[in-house]
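target_10.cif follows (mmCIF, C-alpha atoms and all ligand atoms):
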data_run
#
loop_
_atom_site.label_atom_id
_atom_site.label_comp_id
_atom_site.auth_asym_id
_atom_site.auth_seq_id
_atom_site.Cartn_x
_atom_site.Cartn_y
_atom_site.Cartn_z
CA MET A 1 0.00 0.00 0.00
CA ALA A 2 1.44 3.36 -0.97
CA VAL A 3 1.93 5.94 1.72
CA THR A 4 0.17 8.87 0.10
CA SER A 5 0.61 11.55 2.75
CA MET A 6 1.66 14.95 1.43
CA LYS A 7 2.85 16.29 4.77
CA SER A 8 5.47 18.99 4.85
CA ALA A 9 9.10 17.96 4.98
CA ARG A 10 10.20 18.25 8.59
CA GLY A 11 10.69 21.87 9.46
CA ARG A 12 11.07 23.10 5.88
CA GLY A 13 7.50 23.42 4.72
CA GLU A 14 8.22 21.59 1.45
CA PRO A 15 5.75 19.06 0.04
CA VAL A 16 6.92 15.46 0.17
CA ALA A 17 6.27 13.27 -2.83
CA PRO A 18 4.18 10.20 -1.98
CA ALA A 19 6.34 7.14 -1.32
CA PRO A 20 6.13 4.74 -4.28
CA ALA A 21 3.90 1.72 -3.72
CA PHE A 22 5.81 -1.20 -2.29
CA SER A 23 6.10 -4.29 -4.44
CA PRO A 24 7.72 -7.47 -3.11
CA ASP A 25 8.86 -8.22 -6.66
CA ASP A 26 11.47 -5.50 -6.21
CA ILE A 27 13.04 -7.15 -3.17
CA ARG A 28 12.42 -10.91 -3.37
CA GLY A 29 15.73 -11.26 -5.20
CA ASP A 30 17.47 -9.99 -2.04
CA PHE A 31 16.52 -13.22 -0.23
CA PRO A 32 18.57 -16.20 -1.45
CA ILE A 33 16.27 -18.73 0.21
CA LEU A 34 13.23 -17.47 -1.66
CA GLN A 35 14.91 -18.61 -4.88
CA THR A 36 15.05 -22.23 -3.66
CA THR A 37 12.48 -24.99 -4.02
CA ALA A 38 10.81 -27.46 -1.65
CA HIS A 39 10.03 -30.95 -2.96
CA GLY A 40 10.78 -29.59 -6.42
CA LYS A 41 8.06 -26.94 -6.07
CA ARG A 42 8.30 -23.17 -5.81
CA LEU A 43 8.81 -22.37 -2.11
CA ALA A 44 5.90 -20.49 -0.56
CA TYR A 45 7.33 -19.61 2.84
CA LEU A 46 4.42 -18.75 5.11
CA ASP A 47 5.92 -19.41 8.55
CA ASN A 48 7.22 -15.93 9.23
CA ALA A 49 5.85 -15.78 12.77
CA ALA A 50 8.24 -18.63 13.62
CA THR A 51 11.21 -16.98 11.94
CA SER A 52 11.81 -14.66 9.01
CA GLN A 53 14.08 -15.18 6.04
CA LYS A 54 17.32 -13.20 5.72
CA PRO A 55 18.26 -10.76 2.97
CA GLN A 56 21.74 -10.87 1.44
CA ALA A 57 22.60 -7.59 3.22
CA VAL A 58 22.32 -9.34 6.61
CA ILE A 59 24.28 -12.39 5.50
CA ALA A 60 26.95 -10.07 4.04
CA ALA A 61 27.21 -7.99 7.23
CA MET A 62 27.91 -11.12 9.25
CA THR A 63 30.37 -12.51 6.71
CA ARG A 64 32.15 -9.14 6.58
CA TYR A 65 32.50 -9.21 10.35
CA TYR A 66 34.14 -12.64 10.34
CA ASN A 67 36.26 -11.85 7.28
CA SER A 68 37.64 -8.53 8.37
CA GLN A 69 36.46 -7.30 11.77
CA ASN A 70 36.49 -10.29 14.12
CA ALA A 71 37.95 -9.58 17.57
CA ASN A 72 36.57 -9.61 21.08
CA ILE A 73 35.04 -6.34 22.22
CA HIS A 74 35.39 -3.93 25.12
CA ARG A 75 38.82 -5.36 26.02
CA GLY A 76 41.46 -4.98 23.37
CA VAL A 77 43.59 -1.90 22.92
CA TYR A 78 44.49 -2.92 19.39
CA GLN A 79 42.81 -1.61 16.26
CA LEU A 80 40.73 -4.66 15.35
CA SER A 81 39.21 -4.93 18.81
CA MET A 82 38.45 -1.24 18.93
CA GLU A 83 36.77 -1.46 15.52
CA ALA A 84 34.69 -4.45 16.58
CA THR A 85 33.69 -2.60 19.78
CA ALA A 86 32.68 0.45 17.78
CA ALA A 87 30.62 -1.68 15.37
CA TYR A 88 28.86 -3.49 18.26
CA GLU A 89 28.04 -0.21 20.01
CA ALA A 90 26.87 1.30 16.71
CA ALA A 91 24.48 -1.65 16.42
CA ARG A 92 23.12 -0.77 19.87
CA GLU A 93 22.57 2.79 18.72
CA ARG A 94 20.85 1.48 15.56
CA VAL A 95 18.39 -0.48 17.73
CA ARG A 96 17.79 2.60 19.88
CA GLN A 97 16.84 4.63 16.82
CA PHE A 98 14.64 1.88 15.42
CA ILE A 99 12.41 1.66 18.50
CA ASN A 100 12.93 5.33 19.43
CA ALA A 101 14.37 4.75 22.90
CA THR A 102 15.80 7.89 24.48
CA ASP A 103 19.28 6.52 25.19
CA SER A 104 21.34 3.61 23.86
CA ARG A 105 22.05 2.61 27.47
CA GLU A 106 18.43 1.44 27.54
CA ILE A 107 19.25 -1.29 24.98
CA VAL A 108 20.51 -4.62 26.33
CA PHE A 109 21.58 -7.28 23.82
CA VAL A 110 20.29 -10.72 24.75
CA ARG A 111 19.67 -14.01 22.91
CA GLY A 112 16.07 -13.16 22.07
CA ALA A 113 12.67 -12.26 23.47
CA THR A 114 12.70 -15.33 25.71
CA GLU A 115 15.97 -14.41 27.39
CA ALA A 116 14.86 -10.78 27.74
CA ILE A 117 11.73 -11.81 29.65
CA ASN A 118 13.70 -14.23 31.82
CA LEU A 119 16.16 -11.43 32.57
CA VAL A 120 13.38 -9.10 33.75
CA ALA A 121 11.59 -11.84 35.71
CA THR A 122 14.80 -12.89 37.47
CA SER A 123 16.48 -9.53 38.03
CA TRP A 124 13.66 -7.02 38.39
CA GLY A 125 11.21 -9.63 39.64
CA GLY A 126 13.64 -11.02 42.20
CA ALA A 127 14.22 -7.55 43.63
CA ASN A 128 10.67 -6.23 43.47
CA VAL A 129 8.09 -9.01 43.64
CA ARG A 130 7.09 -10.23 47.09
CA SER A 131 4.65 -12.68 48.58
CA GLY A 132 1.05 -11.71 47.75
CA ASP A 133 2.08 -9.40 44.88
CA GLU A 134 0.30 -9.87 41.58
CA ILE A 135 1.45 -10.03 37.95
CA ILE A 136 -1.07 -9.65 35.15
CA LEU A 137 -0.65 -11.58 31.88
CA SER A 138 -3.14 -12.29 29.12
CA THR A 139 -4.61 -15.42 27.57
CA LEU A 140 -2.82 -14.50 24.33
CA GLU A 141 0.69 -14.89 25.74
CA HIS A 142 3.36 -17.07 24.20
CA HIS A 143 4.77 -19.57 26.69
CA SER A 144 7.87 -17.32 26.84
CA ASN A 145 5.75 -14.66 28.50
CA ILE A 146 4.06 -17.10 30.90
CA VAL A 147 6.60 -19.59 32.21
CA PRO A 148 9.25 -17.10 33.49
CA TRP A 149 6.50 -15.31 35.48
CA GLN A 150 5.20 -18.60 36.80
CA MET A 151 8.72 -19.48 37.97
CA LEU A 152 9.05 -16.07 39.62
CA ALA A 153 5.60 -16.34 41.22
CA LYS A 154 6.56 -19.70 42.69
CA ARG A 155 9.84 -18.36 44.09
CA ALA A 156 8.30 -15.18 45.48
CA GLY A 157 4.87 -16.44 46.52
CA ALA A 158 3.25 -14.08 44.03
CA VAL A 159 0.02 -14.61 42.10
CA LEU A 160 -0.59 -14.54 38.32
CA ARG A 161 -3.80 -12.97 37.01
CA VAL A 162 -4.91 -13.53 33.42
CA ILE A 163 -6.82 -11.17 31.13
CA PRO A 164 -9.39 -13.19 29.17
CA ILE A 165 -10.10 -12.86 25.43
CA ASN A 166 -13.40 -12.73 23.54
CA ASP A 167 -14.33 -15.10 20.71
CA ALA A 168 -12.58 -12.88 18.16
CA GLY A 169 -9.32 -13.16 20.12
CA GLU A 170 -9.37 -9.60 21.49
CA LEU A 171 -8.40 -8.81 25.07
CA CYS A 172 -11.34 -8.01 27.37
CA LEU A 173 -10.24 -4.61 28.65
CA ASP A 174 -13.09 -4.31 31.15
CA GLU A 175 -11.80 -7.51 32.79
CA TYR A 176 -8.27 -6.13 32.71
CA GLU A 177 -9.48 -3.02 34.50
CA LYS A 178 -10.99 -5.21 37.22
CA LEU A 179 -7.76 -7.19 37.65
CA LEU A 180 -5.63 -4.11 38.31
CA ASN A 181 -5.26 -3.31 42.00
CA PRO A 182 -2.66 -1.96 44.47
CA ARG A 183 -1.00 -5.42 44.66
CA THR A 184 -0.34 -5.45 40.89
CA ARG A 185 3.41 -5.08 40.39
CA LEU A 186 3.67 -5.74 36.66
CA VAL A 187 1.55 -6.19 33.56
CA ALA A 188 3.24 -8.30 30.85
CA ILE A 189 1.38 -8.42 27.55
CA THR A 190 2.07 -9.27 23.97
CA HIS A 191 1.77 -6.54 21.36
CA VAL A 192 0.78 -8.97 18.60
CA SER A 193 -0.41 -12.52 19.20
CA ASN A 194 1.69 -15.07 17.33
CA ALA A 195 -1.17 -17.59 17.37
CA LEU A 196 -4.05 -15.33 16.26
CA GLY A 197 -2.52 -12.12 14.93
CA THR A 198 -4.47 -9.89 17.34
CA ILE A 199 -2.88 -6.46 17.80
CA THR A 200 -3.42 -5.44 21.41
CA PRO A 201 -3.99 -1.82 22.54
CA VAL A 202 -0.67 -1.62 24.38
CA ARG A 203 -0.57 2.16 24.73
CA ARG A 204 -3.86 2.22 26.56
CA MET A 205 -3.01 -0.87 28.61
CA VAL A 206 0.33 0.58 29.70
CA ARG A 207 -1.44 3.77 30.78
CA MET A 208 -3.89 1.71 32.83
CA ALA A 209 -1.03 -0.27 34.42
CA HIS A 210 0.79 2.92 35.38
CA ALA A 211 -2.39 4.44 36.82
CA ALA A 212 -2.58 1.39 39.12
CA GLY A 213 1.06 1.87 40.15
CA ALA A 214 2.35 -1.15 38.18
CA LEU A 215 5.11 -1.43 35.57
CA ALA A 216 4.41 -2.71 32.07
CA LEU A 217 6.39 -5.08 29.84
CA VAL A 218 5.45 -5.39 26.18
CA ASP A 219 6.41 -8.53 24.25
CA GLY A 220 7.19 -7.13 20.81
CA ALA A 221 8.43 -10.40 19.26
CA GLN A 222 5.60 -10.28 16.70
CA SER A 223 5.07 -6.53 16.46
CA VAL A 224 8.58 -5.27 15.71
CA PRO A 225 8.70 -7.11 12.35
CA HIS A 226 5.33 -5.75 11.22
CA LEU A 227 4.57 -2.36 12.80
CA PRO A 228 6.53 0.85 13.37
CA ILE A 229 7.55 0.86 17.06
CA ASP A 230 8.05 3.83 19.34
CA VAL A 231 8.74 2.79 22.94
CA GLN A 232 8.40 6.37 24.15
CA ASP A 233 4.96 6.59 22.64
CA ILE A 234 3.91 3.21 24.06
CA ASP A 235 5.47 4.42 27.32
CA CYS A 236 6.22 0.86 28.48
CA ASP A 237 8.91 0.14 31.06
CA PHE A 238 10.25 -2.92 29.22
CA PHE A 239 9.99 -3.95 25.57
CA VAL A 240 11.46 -7.18 24.22
CA PHE A 241 12.03 -8.66 20.77
CA SER A 242 14.06 -11.20 18.78
CA GLY A 243 16.29 -10.38 15.83
CA HIS A 244 15.46 -13.51 13.87
CA LYS A 245 11.83 -12.51 13.37
CA ILE A 246 12.80 -9.22 11.71
CA CYS A 247 15.19 -10.54 9.05
CA GLY A 248 18.11 -10.68 11.48
CA PRO A 249 20.11 -13.69 12.69
CA THR A 250 19.11 -16.14 15.41
CA GLY A 251 20.68 -15.82 18.85
CA ILE A 252 20.36 -12.05 19.13
CA GLY A 253 17.53 -10.03 20.62
CA VAL A 254 16.82 -6.94 22.61
CA LEU A 255 15.63 -5.93 26.02
CA TYR A 256 14.66 -2.27 26.16
CA GLY A 257 14.33 -1.00 29.72
CA ARG A 258 13.55 2.49 30.93
CA GLN A 259 16.86 3.87 32.07
CA ALA A 260 16.12 4.52 35.76
CA ILE A 261 14.60 1.05 36.15
CA LEU A 262 17.46 -0.79 34.40
CA GLN A 263 20.09 1.07 36.43
CA ALA A 264 18.39 -0.01 39.66
CA MET A 265 18.17 -3.70 38.71
CA PRO A 266 20.66 -6.27 40.04
CA PRO A 267 22.77 -8.34 37.60
CA TYR A 268 21.20 -11.33 35.89
CA GLN A 269 24.33 -13.36 35.19
CA GLY A 270 27.85 -12.89 36.53
CA GLY A 271 31.06 -12.98 34.51
CA GLY A 272 33.41 -10.93 32.43
CA ASP A 273 32.50 -7.53 31.05
CA MET A 274 29.72 -6.83 33.58
CA ILE A 275 31.92 -5.65 36.44
CA GLU A 276 33.77 -2.59 37.63
CA THR A 277 36.09 -4.27 40.14
CA VAL A 278 36.44 -7.83 41.43
CA THR A 279 38.15 -9.09 44.57
CA PHE A 280 37.43 -12.34 46.37
CA ASP A 281 35.63 -10.28 49.01
CA LYS A 282 33.50 -8.11 46.82
CA THR A 283 32.52 -7.26 43.26
CA THR A 284 31.14 -3.97 42.03
CA TYR A 285 29.09 -4.00 38.88
CA ALA A 286 29.20 -2.00 35.69
CA ALA A 287 26.27 0.25 34.81
CA ALA A 288 23.52 -0.97 32.49
CA PRO A 289 23.55 -2.20 29.78
CA GLN A 290 27.01 -3.80 30.39
CA ARG A 291 25.81 -5.09 33.77
CA PHE A 292 23.41 -7.38 31.90
CA GLU A 293 25.80 -8.56 29.19
CA ALA A 294 28.10 -10.97 31.03
CA GLY A 295 30.61 -12.82 28.87
CA THR A 296 31.41 -12.47 25.18
CA PRO A 297 28.21 -11.41 23.47
CA ASN A 298 26.87 -12.34 20.05
CA ILE A 299 28.87 -9.68 18.22
CA SER A 300 28.17 -10.87 14.67
CA GLY A 301 24.51 -11.25 15.63
CA ALA A 302 24.30 -7.62 16.77
CA LEU A 303 25.88 -6.49 13.49
CA GLY A 304 23.49 -8.71 11.53
CA LEU A 305 20.54 -7.28 13.45
CA ALA A 306 21.65 -3.72 12.71
CA ALA A 307 21.89 -4.63 9.00
CA ALA A 308 18.38 -6.12 9.18
CA LEU A 309 16.99 -2.95 10.75
CA ASP A 310 18.70 -0.89 8.02
CA TYR A 311 17.15 -3.18 5.44
CA VAL A 312 13.55 -2.95 6.63
CA SER A 313 13.95 0.77 7.33
CA GLY A 314 15.07 1.16 3.73
CA ILE A 315 11.64 -0.10 2.67
CA GLY A 316 9.88 1.80 5.46
CA MET A 317 7.94 0.13 8.28
CA ASP A 318 4.75 2.03 7.34
CA ARG A 319 4.87 0.85 3.73
CA LEU A 320 5.72 -2.67 4.77
CA ALA A 321 2.83 -2.78 7.29
CA GLY A 322 0.41 -1.37 4.70
CA TYR A 323 1.43 -3.96 2.12
CA GLU A 324 1.14 -6.84 4.58
CA HIS A 325 -2.33 -5.67 5.60
CA GLN A 326 -3.54 -5.73 1.99
CA LEU A 327 -2.08 -9.23 1.56
CA LEU A 328 -3.80 -10.34 4.79
CA LEU A 329 -7.17 -9.14 3.47
CA TYR A 330 -6.56 -10.96 0.18
CA ALA A 331 -5.59 -14.20 1.96
CA GLN A 332 -8.49 -14.07 4.43
CA GLU A 333 -10.95 -13.52 1.61
CA LYS A 334 -9.55 -16.45 -0.40
CA LEU A 335 -9.41 -18.78 2.60
CA SER A 336 -12.90 -17.92 3.81
CA ARG A 337 -14.24 -19.29 0.52
CA ILE A 338 -12.91 -22.78 1.32
CA LYS A 339 -15.69 -24.98 2.64
CA GLY A 340 -15.11 -26.40 6.11
CA LEU A 341 -12.33 -23.89 6.87
CA LYS A 342 -12.69 -21.73 9.95
CA ILE A 343 -10.36 -18.87 10.75
CA VAL A 344 -9.47 -18.78 14.45
CA GLY A 345 -8.80 -15.20 15.54
CA THR A 346 -10.82 -12.49 13.85
CA ALA A 347 -9.83 -9.40 15.82
CA ALA A 348 -10.65 -6.04 14.27
CA GLU A 349 -6.97 -5.06 14.64
CA LYS A 350 -4.90 -7.87 13.18
CA ALA A 351 -1.38 -8.42 11.92
CA ALA A 352 -0.76 -10.77 9.00
CA VAL A 353 -1.30 -14.06 10.83
CA ILE A 354 -4.06 -16.48 9.82
CA SER A 355 -4.75 -19.43 12.09
CA PHE A 356 -7.32 -21.87 10.79
CA VAL A 357 -8.85 -25.30 11.26
CA LEU A 358 -10.47 -27.58 8.71
CA SER A 359 -13.52 -29.60 9.74
CA TYR A 360 -12.21 -32.68 7.87
CA ALA A 361 -8.44 -32.74 8.52
CA HIS A 362 -6.08 -32.48 11.48
CA PRO A 363 -3.72 -29.46 11.27
CA HIS A 364 -0.64 -31.71 11.19
CA ASP A 365 -2.01 -33.56 8.15
CA VAL A 366 -2.75 -30.21 6.54
CA GLY A 367 0.85 -29.12 7.16
CA THR A 368 2.28 -32.32 5.74
CA ILE A 369 0.22 -32.19 2.56
CA LEU A 370 1.02 -28.51 2.06
CA ASP A 371 4.71 -29.26 2.52
CA GLY A 372 4.50 -31.61 -0.45
CA GLN A 373 3.18 -28.64 -2.45
CA GLY A 374 6.11 -26.41 -1.47
CA VAL A 375 4.04 -24.49 1.09
CA ALA A 376 5.65 -24.01 4.51
CA ILE A 377 3.15 -23.23 7.27
CA ARG A 378 3.16 -23.95 10.99
CA THR A 379 0.85 -26.41 12.70
CA GLY A 380 0.38 -27.08 16.40
CA HIS A 381 -0.30 -24.98 19.48
CA HIS A 382 2.26 -22.30 18.52
CA CYS A 383 3.61 -22.24 22.10
CA CYS A 384 0.23 -20.81 23.12
CA GLN A 385 -1.58 -23.70 24.80
CA PRO A 386 -3.86 -21.36 26.80
CA VAL A 387 -5.12 -19.86 23.51
CA MET A 388 -5.89 -23.35 22.16
CA ASP A 389 -7.65 -24.22 25.44
CA ARG A 390 -9.75 -21.05 25.14
CA TYR A 391 -11.09 -22.27 21.79
CA GLY A 392 -11.25 -25.92 22.88
CA ILE A 393 -8.93 -27.09 20.11
CA PRO A 394 -5.56 -28.84 20.32
CA ALA A 395 -3.95 -27.07 17.40
CA THR A 396 -4.38 -24.86 14.35
CA ALA A 397 -2.70 -24.52 10.98
CA ARG A 398 -1.12 -21.08 10.75
CA ALA A 399 -0.03 -19.08 7.73
CA SER A 400 1.95 -16.00 8.74
CA LEU A 401 2.88 -13.46 6.09
CA ALA A 402 5.82 -11.14 5.59
CA PHE A 403 6.45 -8.24 3.22
CA TYR A 404 8.30 -10.52 0.79
CA ASN A 405 5.24 -12.75 0.39
CA THR A 406 3.04 -12.32 -2.67
CA ARG A 407 -0.44 -13.21 -3.85
CA GLU A 408 1.25 -16.09 -5.64
CA ASP A 409 2.27 -17.51 -2.23
CA VAL A 410 -1.31 -17.20 -1.00
CA ASP A 411 -2.69 -18.78 -4.19
CA GLN A 412 -0.24 -21.68 -3.75
CA LEU A 413 -1.56 -22.15 -0.21
CA VAL A 414 -5.16 -22.13 -1.45
CA LEU A 415 -4.31 -24.63 -4.20
CA GLY A 416 -2.60 -26.86 -1.62
CA LEU A 417 -5.71 -26.75 0.53
CA GLU A 418 -7.70 -28.00 -2.46
CA THR A 419 -5.44 -31.06 -2.41
CA VAL A 420 -6.12 -31.50 1.31
CA LYS A 421 -9.83 -31.43 0.51
CA GLU A 422 -9.41 -34.04 -2.21
CA VAL A 423 -7.60 -36.35 0.24
CA PHE A 424 -9.72 -35.81 3.37
CA GLY A 425 -12.81 -33.84 2.38
N1 LIG B 1 6.75 -13.95 22.21
C1 LIG B 1 6.07 -14.16 21.07
C2 LIG B 1 4.75 -13.47 20.88
C3 LIG B 1 6.58 -15.01 20.10
O1 LIG B 1 5.90 -15.23 18.98
C4 LIG B 1 7.81 -15.64 20.33
C5 LIG B 1 8.40 -16.62 19.32
N2 LIG B 1 7.49 -17.42 18.66
C6 LIG B 1 8.49 -15.39 21.50
C7 LIG B 1 7.93 -14.53 22.43
C8 LIG B 1 9.81 -16.01 21.82
O2 LIG B 1 10.76 -15.60 20.89
P1 LIG B 1 12.20 -16.33 20.85
O3 LIG B 1 11.92 -17.78 20.71
O4 LIG B 1 12.85 -15.74 19.64
O5 LIG B 1 12.90 -15.99 22.12
#

Just give me the structure of the file as structure tokens.
Ligand code: PMP
Amino acid sequence: MAVTSMKSARGRGEPVAPAPAFSPDDIRGDFPILQTTAHGKRLAYLDNAATSQKPQAVIAAMTRYYNSQNANIHRGVYQLSMEATAAYEAARERVRQFINATDSREIVFVRGATEAINLVATSWGGANVRSGDEIILSTLEHHSNIVPWQMLAKRAGAVLRVIPINDAGELCLDEYEKLLNPRTRLVAITHVSNALGTITPVRRMVRMAHAAGALALVDGAQSVPHLPIDVQDIDCDFFVFSGHKICGPTGIGVLYGRQAILQAMPPYQGGGDMIETVTFDKTTYAAAPQRFEAGTPNISGALGLAAALDYVSGIGMDRLAGYEHQLLLYAQEKLSRIKGLKIVGTAAEKAAVISFVLSYAHPHDVGTILDGQGVAIRTGHHCCQPVMDRYGIPATARASLAFYNTREDVDQLVLGLETVKEVFG
């Protein structure tokens, strides 16, 4: 979808030409894997909520690092090490810009969204959550945003409260309002549901959490790849995401934490690079973010992530989101015409995720038959068993779209589902 705004250029009063419409045909060649086949068929990769594919620019950034920049960081006084340190810290600054944090010291590099949530639950939770305190989650949460809180609740004697969803897969905000109370210490909610695609009203929910005196963590694993993100606008205290879902490498992710809160948190892991001084009697710790980055970090991963953010920014997150929304509407319309197919998750605000069940075939059989047609989708509970329980189903088939997907991919999925119907229908 073209961005057609004719707003003035910032501060200069000049008209801005509308951005040209985005076409995936212009960029599909950037992704080597999209040129490959599966079972001899054109690959229709529709499992982007699990992980995204990587453009050549990301692969090249990582290769360049190992070919010509590789050295450990923050330690060496020699040129290579200083260059690697500068590149790693530049990647941190790139992340800061991308999510509009106020200061790069608010960006902690971690393995991914899962580690970021565990870090907050262990460090902040260990210091701040006491017996009888409450943590609010939602039915939509990925297991990564449930289990660490459960572990904390068990250690601290705290209680988890869960915001229910309606039949469309939207959070029941009136119930959320009722759950908030002076014992609420934290609200941890997903921004986009990986199982249903629901976009949650995080800004409003964070405001409600703060009004009740609680902090708010937003799980952005599924929103960062598909929506423009501004953590100052959301006003959350923590925001987490994984690099691999936004065209970056695996093993790198981000914890954003509001500066004053991060600086007050105790270390998560001990080791090199997170200290000021060490004696056998006593250790003093470095300031955040170094305090939370014990040991040699994933340097090439951070550089790959920065390259990925450059890449998607080059397209423009607004254009990319607009295109994906149009493709979602196209796919939903096509799928809704298939007899016996029911879409699970029909929120008014939805990212490009389509979970569905067929009345005549188990999702795993659907996935296997589609695989034979070159169509890669995900089947199962999507690490969201409470969502499946809510609908009384064990699993769904899930097609999740990215900006490099086309109508051809969707048509290939629909054709594959015709085969499923022939076999089971
Ligand atoms: N939260 C959500 C909403 C997710 O979809 C995922 C990954 N499927 C995660 C958290 C965990 O991400 P990772 O496995 O990259 O740590």

With only C-alpha atoms and all ligand atoms counted, collect every polymer residue having an atom within 8 Å of ligand LIG 1 (chain B); state the result as a PDB file with C-alpha atoms, in the frame of the given file.
ATOM      1  CA  ALA A  49       5.850 -15.780  12.770  1.00  0.00           C
ATOM      2  CA  ALA A  50       8.240 -18.630  13.620  1.00  0.00           C
ATOM      3  CA  THR A  51      11.210 -16.980  11.940  1.00  0.00           C
ATOM      4  CA  ARG A 111      19.670 -14.010  22.910  1.00  0.00           C
ATOM      5  CA  GLY A 112      16.070 -13.160  22.070  1.00  0.00           C
ATOM      6  CA  ALA A 113      12.670 -12.260  23.470  1.00  0.00           C
ATOM      7  CA  THR A 114      12.700 -15.330  25.710  1.00  0.00           C
ATOM      8  CA  GLU A 115      15.970 -14.410  27.390  1.00  0.00           C
ATOM      9  CA  ALA A 116      14.860 -10.780  27.740  1.00  0.00           C
ATOM     10  CA  GLU A 141       0.690 -14.890  25.740  1.00  0.00           C
ATOM     11  CA  HIS A 142       3.360 -17.070  24.200  1.00  0.00           C
ATOM     12  CA  HIS A 143       4.770 -19.570  26.690  1.00  0.00           C
ATOM     13  CA  SER A 144       7.870 -17.320  26.840  1.00  0.00           C
ATOM     14  CA  ASN A 145       5.750 -14.660  28.500  1.00  0.00           C
ATOM     15  CA  THR A 190       2.070  -9.270  23.970  1.00  0.00           C
ATOM     16  CA  HIS A 191       1.770  -6.540  21.360  1.00  0.00           C
ATOM     17  CA  VAL A 192       0.780  -8.970  18.600  1.00  0.00           C
ATOM     18  CA  SER A 193      -0.410 -12.520  19.200  1.00  0.00           C
ATOM     19  CA  ASN A 194       1.690 -15.070  17.330  1.00  0.00           C
ATOM     20  CA  ALA A 195      -1.170 -17.590  17.370  1.00  0.00           C
ATOM     21  CA  ASP A 219       6.410  -8.530  24.250  1.00  0.00           C
ATOM     22  CA  GLY A 220       7.190  -7.130  20.810  1.00  0.00           C
ATOM     23  CA  ALA A 221       8.430 -10.400  19.260  1.00  0.00           C
ATOM     24  CA  GLN A 222       5.600 -10.280  16.700  1.00  0.00           C
ATOM     25  CA  PHE A 241      12.030  -8.660  20.770  1.00  0.00           C
ATOM     26  CA  SER A 242      14.060 -11.200  18.780  1.00  0.00           C
ATOM     27  CA  GLY A 243      16.290 -10.380  15.830  1.00  0.00           C
ATOM     28  CA  HIS A 244      15.460 -13.510  13.870  1.00  0.00           C
ATOM     29  CA  LYS A 245      11.830 -12.510  13.370  1.00  0.00           C
ATOM     30  CA  THR A 250      19.110 -16.140  15.410  1.00  0.00           C
ATOM     31  CA  GLY A 251      20.680 -15.820  18.850  1.00  0.00           C
ATOM     32  CA  GLY A 253      17.530 -10.030  20.620  1.00  0.00           C
ATOM     33  CA  HIS A 382       2.260 -22.300  18.520  1.00  0.00           C
ATOM     34  CA  CYS A 383       3.610 -22.240  22.100  1.00  0.00           C
TER      35      CYS A 383
END

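Here atom CA of Asp30 of chain A stands at a distance of 17.3 Å from atom CA of Leu46 of chain A.
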
Long-range neighbours of segment 223-232 of chain A as a VMD selection string, 8 Å cut-off, only C-alpha atoms, 5 positions minimum in chain: chain A and resid 98 to 102 191 to 192 239 241 245 to 246 317 to 318 320 to 321 324 351 402

How far is it from atom CA of Gln269 of chain A to atom CA of Gln290 of chain A, in Å with one decimal?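 Going from atom CA of Gln269 of chain A over to atom CA of Gln290 of chain A, I get 11.0 Å.
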
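Proximity of A:Gln97, A:Thr279, A:Gln79, A:Thr36 to Leu309 of chain A, computed with only C-alpha atoms, is greatest for A:Gln97.
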
Minimum-distance residue to Gln56 of chain A, chosen among A:Gly304, A:Asp133, A:Glu177, A:Leu329 (using only C-alpha atoms):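 Going through A:Gly304, A:Asp133, A:Glu177, A:Leu329 one by one, the smallest distance to Gln56 of chain A is for A:Gly304.
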
Counting only C-alpha atoms, the residue among A:Gln412, A:Thr296, A:Asn405, A:Thr122 that lies closest to Gly29 of chain A is A:Asn405

Go through A:Val95, A:Ile117, A:Cys236, A:Ile165 and flag the residue nearest Ala308 of chain A, using only C-alpha atoms for the distances.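 Among A:Val95, A:Ile117, A:Cys236, A:Ile165, it is A:Val95 that comes nearest to Ala308 of chain A.
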
Gap from atom CA of Phe356 of chain A to atom CA of Met205 of chain A - Å, one decimal: 27.9 Å

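Candidate residues A:Arg407, A:Val375, A:Gly367, A:Met274 were compared for distance to Leu328 of chain A, and the nearest is A:Arg407, using only C-alpha atoms.
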